[in-house]
Structure formats: C-alpha cells, structure tokens
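K.L.:
My structure is below; once you've seen it, I'll send some questions.
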Amino acid sequence: MPKRSEEMLTDVWTSLLLVWITCVPYTSMTPIISQSKSLQTGSTALLRGLVEGQRILSRAKRGWVWNQMFVLEEFSGPDPILVGRLHTDLDVGSTPIKYVLAGEGAGTIFAINEITGDIHAMKRLDREEKAEYTLTAQVTNRDTDQPLEPPSEFIIKVQDINDNPPQFVEGPYRASVPEMSQVGTSVTRVTATDADDPVYGNSAKLVYSILEGQPYFSIDPNTAIIKIALHGMDREMREEYLVVIQAKDMGGHMGGLSGTTTVTVTLTDVNDNPPKFSKSLYEFVIPEELGIGKPGGKVKANDRDIGENAKSTYNIIDGDEKDVFEITTDAQTQEGILRLKKPLNFETKKSYTLKVEAANIRFDPNSGVPFKDTATVKIAVEDSDEPPVFSKPTFVLQVDENAPINTVIGTVTARDPDVTGSLVRYFIDRHTDLERQFNINVDDGKITLAKPLDRETDMWHNITVTATEIRNHSQISRAIVAIRVLDINDNAPEFATEYEAFLCENGKPGQVIQTVSAVDKDEPIQGHYFEYRLIPEMLNNPNFTIKNNGDNSISVLAKHDTFRRQKQEMYFLPIIVTDNGNPPMSSTNTLTIRVCGCSREGIVQSCNVEAYVLPIGLSMGALIAILACIILLLVVLFVTLRRHKNKPLIIKDDEDVRENIIRYDDEGGGEEDTEAFDIATLQNPDGINGYLPRKDIKPDLQFMPRQSGGPNGVDVDEFINVRLHEADNDPTAPPYDSIQIYGYEGRGSIAGSLSSLETASSDSDQNYDYLREWGPRFRRLGELYSVGESDKET
C-alpha cells in the first residue's frame, strides 16, 4: 500500500476510535480489537493504546462497566436464554462481590447470576406486548450487602420475529356493483393489519391475492382494491358472488404467514330487460250487465328486472271502439286490469278486439332497446237477461182538473231488449200514489184517472211506473211519470181577507171607509181582472156606495154623516165579485161596518152602545169589590168539587166487572169470510166471468176489472201472480184478519181441502192456559175459557 494511503487510513481509524472511546465501554471494544488483526502493526498498536487509555479513564470514573443495551429476539422456547453478561473491574477474586438486578421484569422475566453477572430471560418475550425493558444493575459486597459502585441503567430491546399473521379486522365484507359493469370497475377495498414490526424486515409487508372468485373479480396485490374482471355479468343469471381474499406477509415470499376474509358481492339491477307478455292473445267473456268501472279481465307482462326497473304501464293502442274499455295498472301485482268505460249491449255489438301495450316506466331512450311489448285482447260479450227498457226515462203528461174518472191521461211504453223479447206488464208503485188517484193498464201501459183532481190542491203528481217481464218477474225497471193538472176556472174570487170596517159618527160624506181587494185560487193565465158590484137589493142603498180604483180593488164610501151608535151600531154590505174566466165565476162577500165613537182627529175610541151608555166614572173600590166576589165564588166551587172527588165509590157487588168488559167487535176471518178475493175463481176456474172487488179494504179503492186468459178463459197462476204483485205494491192496504181458502187443487186432483179450519170437531181437548202467558190483554180471555172448561167438567 502506498505510504500516502496508509497515512490517510490511519487518520480515519484514529478519528473513529477517539469518538468510540468516548461513548462505548471498554468491554464492548474488546471483540473489535481482537478482530482488527488485518490492520497493519502501527494501526493495531495505536488502537490498543487507545483502548487501554479508555480503560484507564473508565476505571477512574466508575470502577466497572458493562453494555448499556442488549438486543434479544422474541422467542417461545421453554429453556432460559442468555441475554448478556455484566462485569466490573472489582471482580479480581479478592473482594467478595454480588451482582443485583432491579427494574422492569427483574426477578420475574429476567434473572441475574449473582456471581458471574450473567442475565437470562426466564419467560417468553413478545415484542407486540412490550418492545423493550429498562433495568438497573448494581455491585454490592456479598458479605455486607454494601454497594461497591453506584447503580447503572441499561436497556434490553426485544427484536421482532415474524410470529403474527395478517388479520382482516373489518371482515367479512359486503359490496355491490351494477350488473353489466365494464371490466376494471372498482367494487370495494379490503384492509388487513399485521402486528409485527413494520420497520424491521418484511414481517409486516403484505401482499393480497384472490383464492376464490375468479374469473369474475381481480384484486390489486398492493392496494387491495377488488375490481370487475369479466365482461357482461348479468344479475338475472347470477345475483351474488362469494370472493375469498388472502393477505400474506413477508412480501408474499415462502415462509410468510397469511390471513383470509370473504367478500359477498351483489349485482344490483339495471333496466336491461323489457316487459314480456306471457302470451300473445288473451280472450275474455264479459257479461253485458257488467257495471261501469268494474274489472272485466287481467293481463300480465313479466319483467325479469326488479324494483322500479320492473314497473310497467298498460295502454290500449289500437282496436275497434277502444273508448269502450280502459286499462289500468295494479301497483301491487303489476297487472293490467281491463275495465268498462261505457255499458255493453249484446244486441248491438257482440265482440271486441283490442291491442294492448306494456311499457317500462324507467328506461334509457338512448339505449336503442324497445322496453315494451304488445298483446291482442279479444272480448266476447255474453248476453244477459236485461230488464225492460222504457222509451223515455221520464214521461210528462197533462190532464184537466175537471176530467172525469177513467179518462186516459197518457201511455208509457217499455220493451224487453233481449233477443227473446218477453212481454211486459205495467204497474204503478203505490208508494208514490198513496191516494190511488191513478190506474194503469197492465198490458198496454195506459194511465187513467181514478179520482177527481184539484189543481188548487196539487198542481203536479209524480208517480213511478214499473215494467216487469212476464217471463222473469225479477227483471223490473222503473220510470218517472210527471202528471200536470191543467187549470180550469172552477173557483170564484173572494175577499183577500176578512174585512171589518169602522165608521166614525162624526165622519164626513164621501169618506173612504175601507179599501177592498179580491183573490182567485185559479191560475191567472192572462192575469186576473175582478168586477165589483152591490147586490141588486142594495143598489139604492142610502148609506154606502163603492168606487172602482182601477187596480182590481174598490173603495167603500159613506154617503152621509148622520150615523149614530144609538140608532144602529153595525151595517152589513154585500158585494158581488166576478172574475174574467171562461165561464166567469162570482161570489158574494159581506163587508161588516161598525159605527164607532172617534176623537176629533178621527181616531176610533169605542165601537159599542154599552160603552156609550156606561157611566164615565167607575170608582176603583167598586172594581176591587167585584173582583173579590169572583175570587170567593171560585174558591167555594173548588172546595166543593174536591170534597165530591174524595168520596169513595160505592160498588154494590165486588164481582161487578162491567168496567172490565172487553169487546171484540172484529171476529177476524173464518171460513165464512171469503169475500176478500174472488174465491169462486180459485175453487172453480171455469165459472169466472168477471171480477169481484175485495171487501177487506177501503170501499173507494177499487181495481180495474181484468180479463184473465188461459185455458177455458181462466189462468189461475197468472191471476195469483197479478194479485200478489198488487198486494206487494199497495202501501194503503190494511192488514185485515181475513183467511183465504184455496180449496181448488186443480183439475183432476183427488186431494181434498188442506185447510184445518174446515175440520168439524165437537169435543176439543184444547187447553187455553197459554192465553194467560200472552200478557194482561189476554189474561181475562184466558180466565173466561178456563171457567168454561171447569163448568164443562162439573
């Protein structure tokens, strides 16, 4: 080696050793000195001299030295392991010394040999629990335990080994990604942790990989981001995937530890499927009486998507008379419900063909995919038995109020709309004609007058007419018939009110006593005009006269001023009022005129003669006396009546029950009461020639005679049906107790009468005790019958 280079090397070693000597104990330098034999002799001598100087310097300071830090790998073996050795210069064999250890883990984890100063680890060391321990060592006299040197502190550092596998603390994971996502789309990120020392070796360096889930997903080995690895992943084919992720330390090399976790990846739905009808043709049969808005059928378009992407709307896009139907969407079942918008009529149209479309509510119009489907719907209308149909829903008829009985007012018509066309019978709903003022012909619907009408009582009559099929009595329809009563001049005019005029004694001639007007109950077609005149006997009346005011009223005037109450207190003036009707009607009305005493201003004060002749002054004492006499008479009368009332009634016989007699005037029906219906018709149909009215209803409520048809001129079944219908619609028919005997069993029947009331029995064992249980009204009747039974036994 050139001399220049040796000098430079010597200077470097000298500088380094000077620094080391200051900081490193002597014992630590001994191995280095022993390993420097490769250096040249000059350098080695220099090093030895420096070490020796450092030793001398140290002895002068503390007397003994040791390492200030020991490094020990964590271990799990059962045997103690040597950590290091302490040494002091006092240990020359002449002085009995003892090494003492104190601090963290002293005596439990770490133990020291008192003689040699060797430190051993007695238990397993785990860097993840505690990475370093601070201890204190001291040298004492073994015999006296006196410290020979001051205590010194040193550190035992636990060096990491790869003894902890990676862990996924937040696992297992769940993630979602839209179906049909592009390759490389990020799904989620996982994170694993390693408890080993991240700055020492590769114990905590992790590498990620997929154990399960390929080829659908991939993972970045460093960032642990999971991505889509396969194109066209369809949720409808498979919705959920389970991915197993592994994290391995030591950079993924052989011998590293690993940990795993699972990631459940769910594909979320996108609208990539159109709705599809389950069949291309739907056929429904709908009855024609189906109501408006009622469902007539259902169609369903299935969509493989879910949620909002599967919702569809239905529309009728084509078809004949598509405005007759509408289709709505059921929000729960996603079905299209076909409903009626207009009534169906089998006789008019028997079938319909519609084209229905189902379209997604949410879709991308730029996708180019038609998110809709169509189907054909054929509807057959089923014929139903419909009720009769009136030619008009409301009929308006007119009749004069003086029209005679049985006058035909008008006709209502109805027909059966069915193909078979049943005959129709007409009836009046008696709930709308309680007074039974009208009748109707059951066959042709002619309405006739049954009672006289008075327009001044009722101007309009609203009745309901029902039309019933003969073939099916349950098919009934109704129509309103409004009958207007036309006015005739059948009411005479009369005074507007009951006038009473007053005339002052001191009145002047020509003074107006009273203004009189008239009214007429008849309808003023052109407006009423009344003519007033005095009766012929009063034309030369010397006291009063009348004057026409030109407004359908007159004024009554006095002719003189010599009226006196003493002479005549009251006058009666008959006036004839005539209207302008055709023919004109008139009436005579009397005006009463009283002669009264009046003040100078013309104010009436008294209108009777007694008041005139009565003394002007009547003392208050006299009035009080009269009033006291009247009160006294009333008191005496009241006391007398009260005494008479308190006297007991004298009954000669305790058994006198005349006041308890109960009269039963109505014997009820019985076998003799057979006039309620024409029993002869039921007993012998061949003998009917007319109609006998019922006797158990009001005499003025009569039915029109009806001619029955059928074999031999009589149809018993039709006769009974008509009578039953009339009874059902007759609200005024009283519930009379009448028995009807239907003795006729039909032609050729060998059965006799079924009536138990015709059974003749002389001795009856009937027990009438139950009458007592029917209440107080029947108790007396039960006693009478019981007495009769007792007498019979006696």
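Letters for chains follow the order of the structure tokens (A, B, ...), residue numbers begin at 1 for each chain, and ligand numbers begin at 1 in the order shown.
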Excluding same-chain residues fewer than 4 positions from region 437-447 of chain A, what lies within 10 Å of it counting only C-alpha atoms, as a ChimeraX atom specification?
P.N.:
/A:397,405-414,423-428,430,433,451-453,461,463,465-468,481,701-706,722
K.L.:
Take the selection from the previous step and output its residues with C-alpha atoms, as a PDB file, in the first residue's frame.
P.N.:
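Contents of again-v2.pdb, freshly written:
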```pdb
ATOM      1  CA  LEU A 397    -148.451  14.051 -19.083  1.00  0.00           C
ATOM      2  CA  ILE A 405    -162.998   9.272 -13.906  1.00  0.00           C
ATOM      3  CA  ASN A 406    -161.354   6.723 -16.261  1.00  0.00           C
ATOM      4  CA  THR A 407    -160.067   9.455 -18.554  1.00  0.00           C
ATOM      5  CA  VAL A 408    -156.922   8.245 -20.359  1.00  0.00           C
ATOM      6  CA  ILE A 409    -154.145  10.623 -19.354  1.00  0.00           C
ATOM      7  CA  GLY A 410    -151.358   9.101 -21.446  1.00  0.00           C
ATOM      8  CA  THR A 411    -149.408   5.956 -22.214  1.00  0.00           C
ATOM      9  CA  VAL A 412    -145.985   4.686 -21.144  1.00  0.00           C
ATOM     10  CA  THR A 413    -144.161   2.101 -23.222  1.00  0.00           C
ATOM     11  CA  ALA A 414    -141.324  -0.294 -22.448  1.00  0.00           C
ATOM     12  CA  LEU A 423    -143.916  -9.438 -22.975  1.00  0.00           C
ATOM     13  CA  VAL A 424    -144.069  -6.618 -20.437  1.00  0.00           C
ATOM     14  CA  ARG A 425    -146.584  -5.852 -17.679  1.00  0.00           C
ATOM     15  CA  TYR A 426    -147.035  -2.369 -16.189  1.00  0.00           C
ATOM     16  CA  PHE A 427    -147.796  -1.404 -12.577  1.00  0.00           C
ATOM     17  CA  ILE A 428    -147.924   1.792 -10.515  1.00  0.00           C
ATOM     18  CA  ARG A 430    -148.324   2.718  -4.830  1.00  0.00           C
ATOM     19  CA  ASP A 433    -149.556   7.184  -5.302  1.00  0.00           C
ATOM     20  CA  LYS A 451    -160.174  10.045  -8.609  1.00  0.00           C
ATOM     21  CA  PRO A 452    -161.077  13.654  -9.399  1.00  0.00           C
ATOM     22  CA  LEU A 453    -158.178  16.086  -9.340  1.00  0.00           C
ATOM     23  CA  HIS A 461    -148.329  14.476  -9.392  1.00  0.00           C
ATOM     24  CA  ILE A 463    -145.706   8.662  -9.787  1.00  0.00           C
ATOM     25  CA  VAL A 465    -144.385   3.132 -13.105  1.00  0.00           C
ATOM     26  CA  THR A 466    -142.679  -0.278 -13.101  1.00  0.00           C
ATOM     27  CA  ALA A 467    -142.334  -2.562 -16.091  1.00  0.00           C
ATOM     28  CA  THR A 468    -141.898  -6.298 -15.419  1.00  0.00           C
ATOM     29  CA  VAL A 481    -144.316   9.902 -14.771  1.00  0.00           C
ATOM     30  CA  LEU A 701    -160.022   1.957  -3.526  1.00  0.00           C
ATOM     31  CA  GLN A 702    -161.178  -0.113  -6.469  1.00  0.00           C
ATOM     32  CA  PHE A 703    -159.152  -2.022  -9.022  1.00  0.00           C
ATOM     33  CA  MET A 704    -159.990  -2.033 -12.671  1.00  0.00           C
ATOM     34  CA  PRO A 705    -161.527  -5.314 -13.885  1.00  0.00           C
ATOM     35  CA  ARG A 706    -159.073  -7.545 -15.659  1.00  0.00           C
ATOM     36  CA  VAL A 722    -151.138 -10.304 -10.576  1.00  0.00           C
TER      37      VAL A 722
END
```
K.L.:
Env of region 285-290 of chain A: 7 Å cut, atoms = only C-alpha atoms, seq-sep filter 4 positions within chain, self excluded. Answer as number ranges by chain.
P.N.:
A: 294, 296, 344-346, 379-384
K.L.:
Tell me which protein, DNA and RNA residues are within 10 Å of Pro542 (chain A), counting only C-alpha atoms, leaving out same-chain ones fewer than 3 positions away, and put them as a list in words.
P.N.:
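The residues that qualify are Met538, Leu539, Thr545, Ala558, Lys559 and His560 of chain A.
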K.L.:
Skip Val270 (chain A) itself and residues of its chain fewer than 5 positions away, then list as a PDB file with N, CA and C atoms, in the first residue's frame all residues within 7 Å of it, counting only C-alpha atoms.
P.N.:
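Contents of the output file selection.pdb:
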```pdb
ATOM      1  N   PRO A 178     -73.227  -2.487  -9.995  1.00  0.00           N
ATOM      2  CA  PRO A 178     -74.270  -2.679 -11.007  1.00  0.00           C
ATOM      3  C   PRO A 178     -73.907  -3.800 -11.975  1.00  0.00           C
ATOM      4  N   GLU A 179     -74.945  -4.535 -12.363  1.00  0.00           N
ATOM      5  CA  GLU A 179     -74.724  -5.570 -13.361  1.00  0.00           C
ATOM      6  C   GLU A 179     -74.298  -4.922 -14.690  1.00  0.00           C
ATOM      7  N   ASN A 309     -87.290  -0.798 -11.958  1.00  0.00           N
ATOM      8  CA  ASN A 309     -86.986  -1.194 -13.334  1.00  0.00           C
ATOM      9  C   ASN A 309     -87.999  -2.200 -13.886  1.00  0.00           C
TER      10      ASN A 309
END
```
